[in-house]
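Source file: input_4.csv. Holds: CSV, C-alpha atoms and all ligand atoms.
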```csv
chain,number,residue,atom,x,y,z
A,17,MET,CA,128.0,124.1,117.1
A,18,LYS,CA,126.9,123.5,113.5
A,19,LEU,CA,125.0,126.3,111.9
A,20,ASN,CA,121.9,124.1,111.6
A,21,ASP,CA,121.7,123.7,115.4
A,22,ALA,CA,121.3,127.5,115.7
A,23,ILE,CA,118.3,127.7,113.3
A,24,MET,CA,115.0,127.5,115.1
A,25,LEU,CA,112.1,126.3,113.0
A,26,VAL,CA,109.0,127.9,114.1
A,27,PRO,CA,105.6,126.6,112.9
A,28,THR,CA,103.1,129.0,111.5
A,29,VAL,CA,100.4,127.5,113.5
A,30,VAL,CA,99.9,124.5,115.9
A,31,VAL,CA,96.6,122.7,115.6
A,32,GLY,CA,95.8,119.9,118.1
A,33,GLY,CA,99.5,119.7,118.9
A,34,ILE,CA,100.4,119.3,115.2
A,35,SER,CA,102.9,121.9,113.9
A,36,VAL,CA,101.9,123.3,110.5
A,37,PHE,CA,104.4,125.2,108.4
A,38,LYS,CA,102.3,127.1,105.9
A,39,ARG,CA,103.6,127.4,102.4
A,40,PHE,CA,106.9,125.9,103.5
A,41,LEU,CA,107.6,124.8,99.9
A,42,SER,CA,107.9,127.4,97.2
A,43,PRO,CA,105.9,126.9,93.9
A,44,SER,CA,109.1,125.8,92.2
A,45,ASP,CA,109.9,123.3,95.0
A,46,GLN,CA,106.3,122.0,94.7
A,47,LEU,CA,106.7,121.5,90.9
A,48,ARG,CA,110.0,119.6,91.3
A,49,ILE,CA,108.5,117.3,93.9
A,50,VAL,CA,105.5,116.6,91.8
A,51,GLY,CA,107.9,115.7,88.9
A,52,ASP,CA,109.8,113.4,91.2
A,53,LEU,CA,106.5,111.8,92.4
A,54,ARG,CA,105.5,111.2,88.8
A,55,GLN,CA,108.7,109.2,88.4
A,56,VAL,CA,107.8,107.2,91.5
A,57,ALA,CA,104.3,106.5,90.1
A,58,ALA,CA,105.8,105.5,86.8
A,59,ARG,CA,107.7,102.6,88.5
A,60,ALA,CA,105.1,101.9,91.3
A,61,PRO,CA,101.7,102.7,89.8
A,62,ILE,CA,99.1,104.3,92.0
A,63,PHE,CA,96.5,101.7,93.1
A,64,SER,CA,93.2,101.6,95.1
A,65,PRO,CA,93.6,99.7,98.3
A,66,LYS,CA,90.6,97.9,99.7
A,67,THR,CA,89.4,98.1,103.3
A,68,LYS,CA,89.0,95.0,105.4
A,69,MET,CA,85.3,94.9,104.3
A,70,GLY,CA,86.4,94.8,100.7
A,71,LYS,CA,85.4,98.3,99.8
A,72,PRO,CA,87.8,100.4,97.8
A,73,MET,CA,89.2,103.4,99.7
A,74,SER,CA,88.5,106.8,98.2
A,75,VAL,CA,92.2,107.7,98.5
A,76,ARG,CA,94.5,106.0,96.0
A,77,LEU,CA,98.1,105.5,96.8
A,78,THR,CA,101.7,104.4,96.1
A,79,ALA,CA,104.9,104.7,98.0
A,80,ALA,CA,108.7,105.0,97.9
A,81,GLY,CA,111.3,103.7,100.3
A,82,ASP,CA,112.0,100.3,102.0
A,83,PHE,CA,108.3,100.0,102.9
A,84,GLY,CA,105.0,100.9,101.3
A,85,TRP,CA,101.5,100.6,102.6
A,86,PHE,CA,98.9,98.1,101.6
A,87,SER,CA,95.4,97.1,102.6
A,88,ASP,CA,93.0,94.2,101.8
A,89,HIS,CA,90.8,91.8,103.7
A,90,GLN,CA,93.7,91.1,106.1
A,91,GLY,CA,93.8,94.8,107.1
A,92,TYR,CA,96.3,97.6,106.8
A,93,ARG,CA,100.0,96.9,106.9
A,94,TYR,CA,103.5,97.9,105.7
A,95,VAL,CA,104.8,95.8,102.9
A,96,ARG,CA,108.2,95.6,101.2
A,97,GLN,CA,106.9,95.4,97.7
A,98,HIS,CA,104.4,97.1,95.4
A,99,PRO,CA,101.4,94.8,94.5
A,100,SER,CA,103.3,94.2,91.2
A,101,GLY,CA,105.9,92.3,93.2
A,102,LEU,CA,108.6,95.0,92.5
A,103,ASP,CA,110.5,96.9,95.2
A,104,TRP,CA,109.3,100.4,95.9
A,105,PRO,CA,111.4,103.1,94.2
A,106,GLU,CA,113.8,105.1,96.4
A,107,ILE,CA,112.6,108.1,98.2
A,108,PRO,CA,113.3,111.2,96.0
A,109,THR,CA,116.1,113.4,97.4
A,110,SER,CA,113.8,116.5,97.1
A,111,ILE,CA,111.5,114.9,99.6
A,112,MET,CA,114.3,113.6,101.8
A,113,GLY,CA,115.4,117.2,102.1
A,114,ILE,CA,112.2,118.2,103.9
A,115,TRP,CA,112.7,115.4,106.4
A,116,LYS,CA,116.2,116.5,107.2
A,117,VAL,CA,114.9,119.9,108.1
A,118,MET,CA,111.8,118.8,110.0
A,119,ALA,CA,113.1,115.7,111.7
A,120,ALA,CA,116.8,116.6,112.0
A,121,GLN,CA,117.3,114.3,115.1
A,122,ALA,CA,115.6,111.3,113.6
A,123,PRO,CA,117.0,108.4,111.5
A,124,ASP,CA,116.1,108.5,107.8
A,125,PRO,CA,112.5,107.6,107.0
A,126,GLU,CA,111.8,104.1,105.6
A,127,CYS,CA,108.5,104.9,104.1
A,128,CYS,CA,107.3,107.7,101.9
A,129,LEU,CA,103.6,107.2,101.4
A,130,VAL,CA,102.0,109.0,98.5
A,131,ASN,CA,98.2,109.5,98.8
A,132,TYR,CA,96.2,110.9,95.9
A,133,TYR,CA,92.8,112.5,96.7
A,134,GLY,CA,90.6,112.9,93.6
A,135,GLU,CA,87.3,114.6,93.6
A,136,GLY,CA,85.2,113.5,96.6
A,137,ALA,CA,88.1,111.6,98.3
A,138,ARG,CA,88.5,111.8,102.1
A,139,MET,CA,90.2,110.0,104.9
A,140,GLY,CA,88.5,109.1,108.1
A,141,LEU,CA,89.9,109.9,111.5
A,142,HIS,CA,92.7,107.5,112.4
A,143,GLN,CA,96.0,107.2,114.3
A,144,ASP,CA,99.3,106.4,112.7
A,145,ARG,CA,100.4,103.6,115.0
A,146,ASP,CA,101.9,100.9,112.9
A,147,GLU,CA,105.4,102.1,113.3
A,148,ALA,CA,107.7,100.5,115.9
A,149,ASN,CA,108.9,103.8,117.6
A,150,PHE,CA,106.7,106.7,118.3
A,151,ASP,CA,109.6,108.9,119.3
A,152,TRP,CA,110.1,109.8,115.6
A,153,PRO,CA,107.6,112.2,114.0
A,154,VAL,CA,105.5,111.7,110.9
A,155,VAL,CA,106.1,114.5,108.4
A,156,SER,CA,103.3,115.3,106.0
A,157,VAL,CA,103.5,117.4,102.8
A,158,SER,CA,100.5,118.8,101.0
A,159,LEU,CA,100.5,119.4,97.2
A,160,GLY,CA,97.6,120.5,95.0
A,161,ASP,CA,94.1,121.2,96.1
A,162,ASP,CA,93.2,122.5,99.6
A,163,ALA,CA,92.2,119.9,102.2
A,164,LEU,CA,90.3,120.2,105.4
A,165,PHE,CA,92.5,118.5,108.0
A,166,ARG,CA,90.9,117.5,111.3
A,167,VAL,CA,92.9,116.7,114.4
A,168,GLY,CA,91.8,115.3,117.7
A,169,GLY,CA,93.6,114.0,120.7
A,170,ALA,CA,95.1,110.5,121.4
A,171,GLU,CA,91.7,109.1,122.4
A,172,ARG,CA,88.9,108.5,119.9
A,173,GLY,CA,85.9,110.6,120.3
A,174,GLY,CA,87.5,113.7,121.9
A,175,LYS,CA,87.4,117.3,120.9
A,176,THR,CA,88.8,118.1,117.4
A,177,ALA,CA,90.1,121.2,115.6
A,178,SER,CA,90.4,121.8,111.9
A,179,ILE,CA,92.7,123.6,109.5
A,180,TRP,CA,92.8,124.0,105.7
A,181,LEU,CA,96.0,122.5,104.4
A,182,GLN,CA,97.2,124.1,101.2
A,183,SER,CA,99.8,123.3,98.5
A,184,GLY,CA,103.3,123.6,100.0
A,185,ASP,CA,102.2,123.2,103.6
A,186,VAL,CA,104.2,120.8,105.8
A,187,ALA,CA,102.7,119.3,108.9
A,188,VAL,CA,104.7,117.6,111.6
A,189,MET,CA,103.0,115.1,114.0
A,190,GLY,CA,105.5,114.5,116.7
A,191,GLY,CA,106.1,114.5,120.5
A,192,ALA,CA,102.9,114.5,122.5
A,193,ALA,CA,100.8,114.8,119.3
A,194,ARG,CA,102.4,111.8,117.5
A,195,LEU,CA,99.4,109.5,118.2
A,196,ASN,CA,96.7,112.1,117.8
A,197,TYR,CA,93.7,111.2,115.6
A,198,HIS,CA,93.6,112.9,112.3
A,199,GLY,CA,91.9,112.8,108.9
A,200,ILE,CA,90.8,114.7,105.9
A,201,ASP,CA,87.1,115.6,105.8
A,202,ARG,CA,87.2,116.8,102.2
A,203,ILE,CA,89.2,118.6,99.6
A,204,LYS,CA,88.3,121.7,97.6
A,205,PHE,CA,88.6,120.1,94.2
A,206,GLY,CA,90.1,122.4,91.6
A,207,SER,CA,91.4,125.0,94.1
A,208,SER,CA,95.0,124.6,93.0
A,209,GLN,CA,96.5,124.5,89.5
A,210,LEU,CA,99.5,122.5,90.6
A,211,LEU,CA,98.3,119.1,89.3
A,212,LYS,CA,97.0,119.3,85.8
A,213,ASP,CA,94.0,117.0,86.4
A,214,GLY,CA,93.3,118.6,89.8
A,215,GLY,CA,93.2,116.8,93.1
A,216,ARG,CA,95.6,116.6,96.0
A,217,LEU,CA,98.8,114.6,96.7
A,218,ASN,CA,99.8,114.1,100.3
A,219,VAL,CA,103.2,112.7,101.1
A,220,THR,CA,103.9,111.3,104.5
A,221,LEU,CA,107.4,110.3,105.7
A,222,ARG,CA,107.9,107.8,108.6
A,223,VAL,CA,110.5,105.7,110.3
A,224,VAL,CA,108.9,102.2,110.3
A,225,LYS,CA,111.2,99.9,112.3
B,301,LIG,C1,97.4,110.6,106.4
B,301,LIG,O1,97.0,110.7,107.5
B,301,LIG,O2,97.9,109.5,106.0
B,301,LIG,C2,97.1,111.6,105.4
B,301,LIG,C3,96.8,113.0,105.9
B,301,LIG,C4,96.7,113.9,104.8
B,301,LIG,O3,96.3,113.6,103.7
B,301,LIG,O4,97.0,115.1,105.0
B,302,FE2,FE,97.7,109.4,109.1
```
Final structure tokens representation of the file:
Amino acid sequence: MKLNDAIMLVPTVVVGGISVFKRFLSPSDQLRIVGDLRQVAARAPIFSPKTKMGKPMSVRLTAAGDFGWFSDHQGYRYVRQHPSGLDWPEIPTSIMGIWKVMAAQAPDPECCLVNYYGEGARMGLHQDRDEANFDWPVVSVSLGDDALFRVGGAERGGKTASIWLQSGDVAVMGGAARLNYHGIDRIKFGSSQLLKDGGRLNVTLRVVK
């Protein structure tokens, strides 16, 4: 048995079936990851996707890995290139390391989506269901301002529960909770000093194919 197999990862709290590891990342881990994300954004600038209706989403985004995320009048989808036509940068090893711990049994993620929430940004309840195989979890990392995360069940309109996600928290949506509805009701703008202009970064890792 490898040493890793013997270590049991125990979430701090489970909300609506989603495991939350509070303050999993130390302040120095968080700073390093933010630095790595700045390099991602230097090559793949953050943009404002539009909804099907043509409205700009309040969350802005970029990505790293084989696939990024895009949305316009044709709807939401994974795409192989940034809107500039360039490939997405590689997923930083600092972020890959979190996946290796949280999703040790899974293949490497092919998409590292980076969402930026400025003042007033939110994300409506939705399922993550554009991936080919729901056996693999979605791993979500919170950096910067606190965010009110709401989780429901796998059907729209059911009961929901909420938790404040803070900088350094890691949430894992897997197993029976993989298709649970989730969203961000609001952020507490300015509650963290991690990002110099305030706001929140959320990084999600997924196996796409
Ligand atoms: C998402 O569901 O893509 C983002 C969730 C979050 O911002 O914590
Ligand atoms: Fe999501």
Do a neighbour search on segment 202-216 of chain A at 8 Å with only C-alpha atoms, toss out local chain neighbours closer than 3 positions, and write the hits as number ranges by chain.
A: 46-47, 132-139, 158-164, 183
Protein and nucleic residues near ligand LIG 301 (chain B), 9 Å, only C-alpha atoms and all ligand atoms, as a PyMOL selection string
chain A and resi 75+129-133+138-144+156-158+163-165+181+187+197-200+216-220
Contacts of Ser44 of chain A at 12 Å (all atoms listed in the file; same-chain gap of 4+ positions) as JSON, numbers by chain:
{"A": [39, 40, 48, 49, 50, 51, 110, 159, 183, 184, 210]}
I'd like the neighbourhood of Lys68 of chain A as a PyMOL selection string, where a residue qualifies if any of its atoms comes within 10 Å (using all atoms listed in the file), though same-chain residues fewer than 5 positions away should be ignored.
chain A and resi 87-92
As an exercise, work out the distance from atom CA of Asp146 of chain A to atom CA of Ala79 of chain A in Å and give it to one decimal place.
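Interatomic distance here is 15.7 Å.
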Looking at A:Ala193, A:Asp103, A:Ala60, A:Lys225, which one is nearest to ligand FE2 302 (chain B), with distances taken over only C-alpha atoms and all ligand atoms?
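Of A:Ala193, A:Asp103, A:Ala60, A:Lys225, the one nearest ligand FE2 302 (chain B), counting only C-alpha atoms and all ligand atoms, is A:Ala193.
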Quick one: of A:Val95, A:Val154, A:Ala170, A:Ala80, who's nearest to Pro123 of chain A, counting only C-alpha atoms?
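Of A:Val95, A:Val154, A:Ala170, A:Ala80, the one nearest Pro123 of chain A is A:Val154, counting only C-alpha atoms.
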Tell me which of A:Asn149, A:Thr78, A:Gln182, A:Ser35 sits closest to Ala57 of chain A, counting only C-alpha atoms.
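For Ala57 of chain A, the nearest of the given residues is A:Thr78.
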Nearest to ligand FE2 302 (chain B), chosen from A:Trp180, A:Met112, A:Ile34, A:Asp124, with only C-alpha atoms and all ligand atoms counted in the distances
A:Ile34
Write out as a ChimeraX atom specification which residues come within 7 Å of Val224 of chain A when counting all atoms listed in the file, dropping same-chain ones fewer than 2 positions away.
/A:126-127,147-148,222
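In this model, the gap between atom CA of Val188 of chain A and atom CA of Pro65 of chain A comes to 24.9 Å.
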Can you work out the spacing between atom CA of Gly32 of chain A and atom CA of Leu77 of chain A in Å, to one decimal?
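Separating atom CA of Gly32 of chain A from atom CA of Leu77 of chain A is a distance of 25.8 Å.
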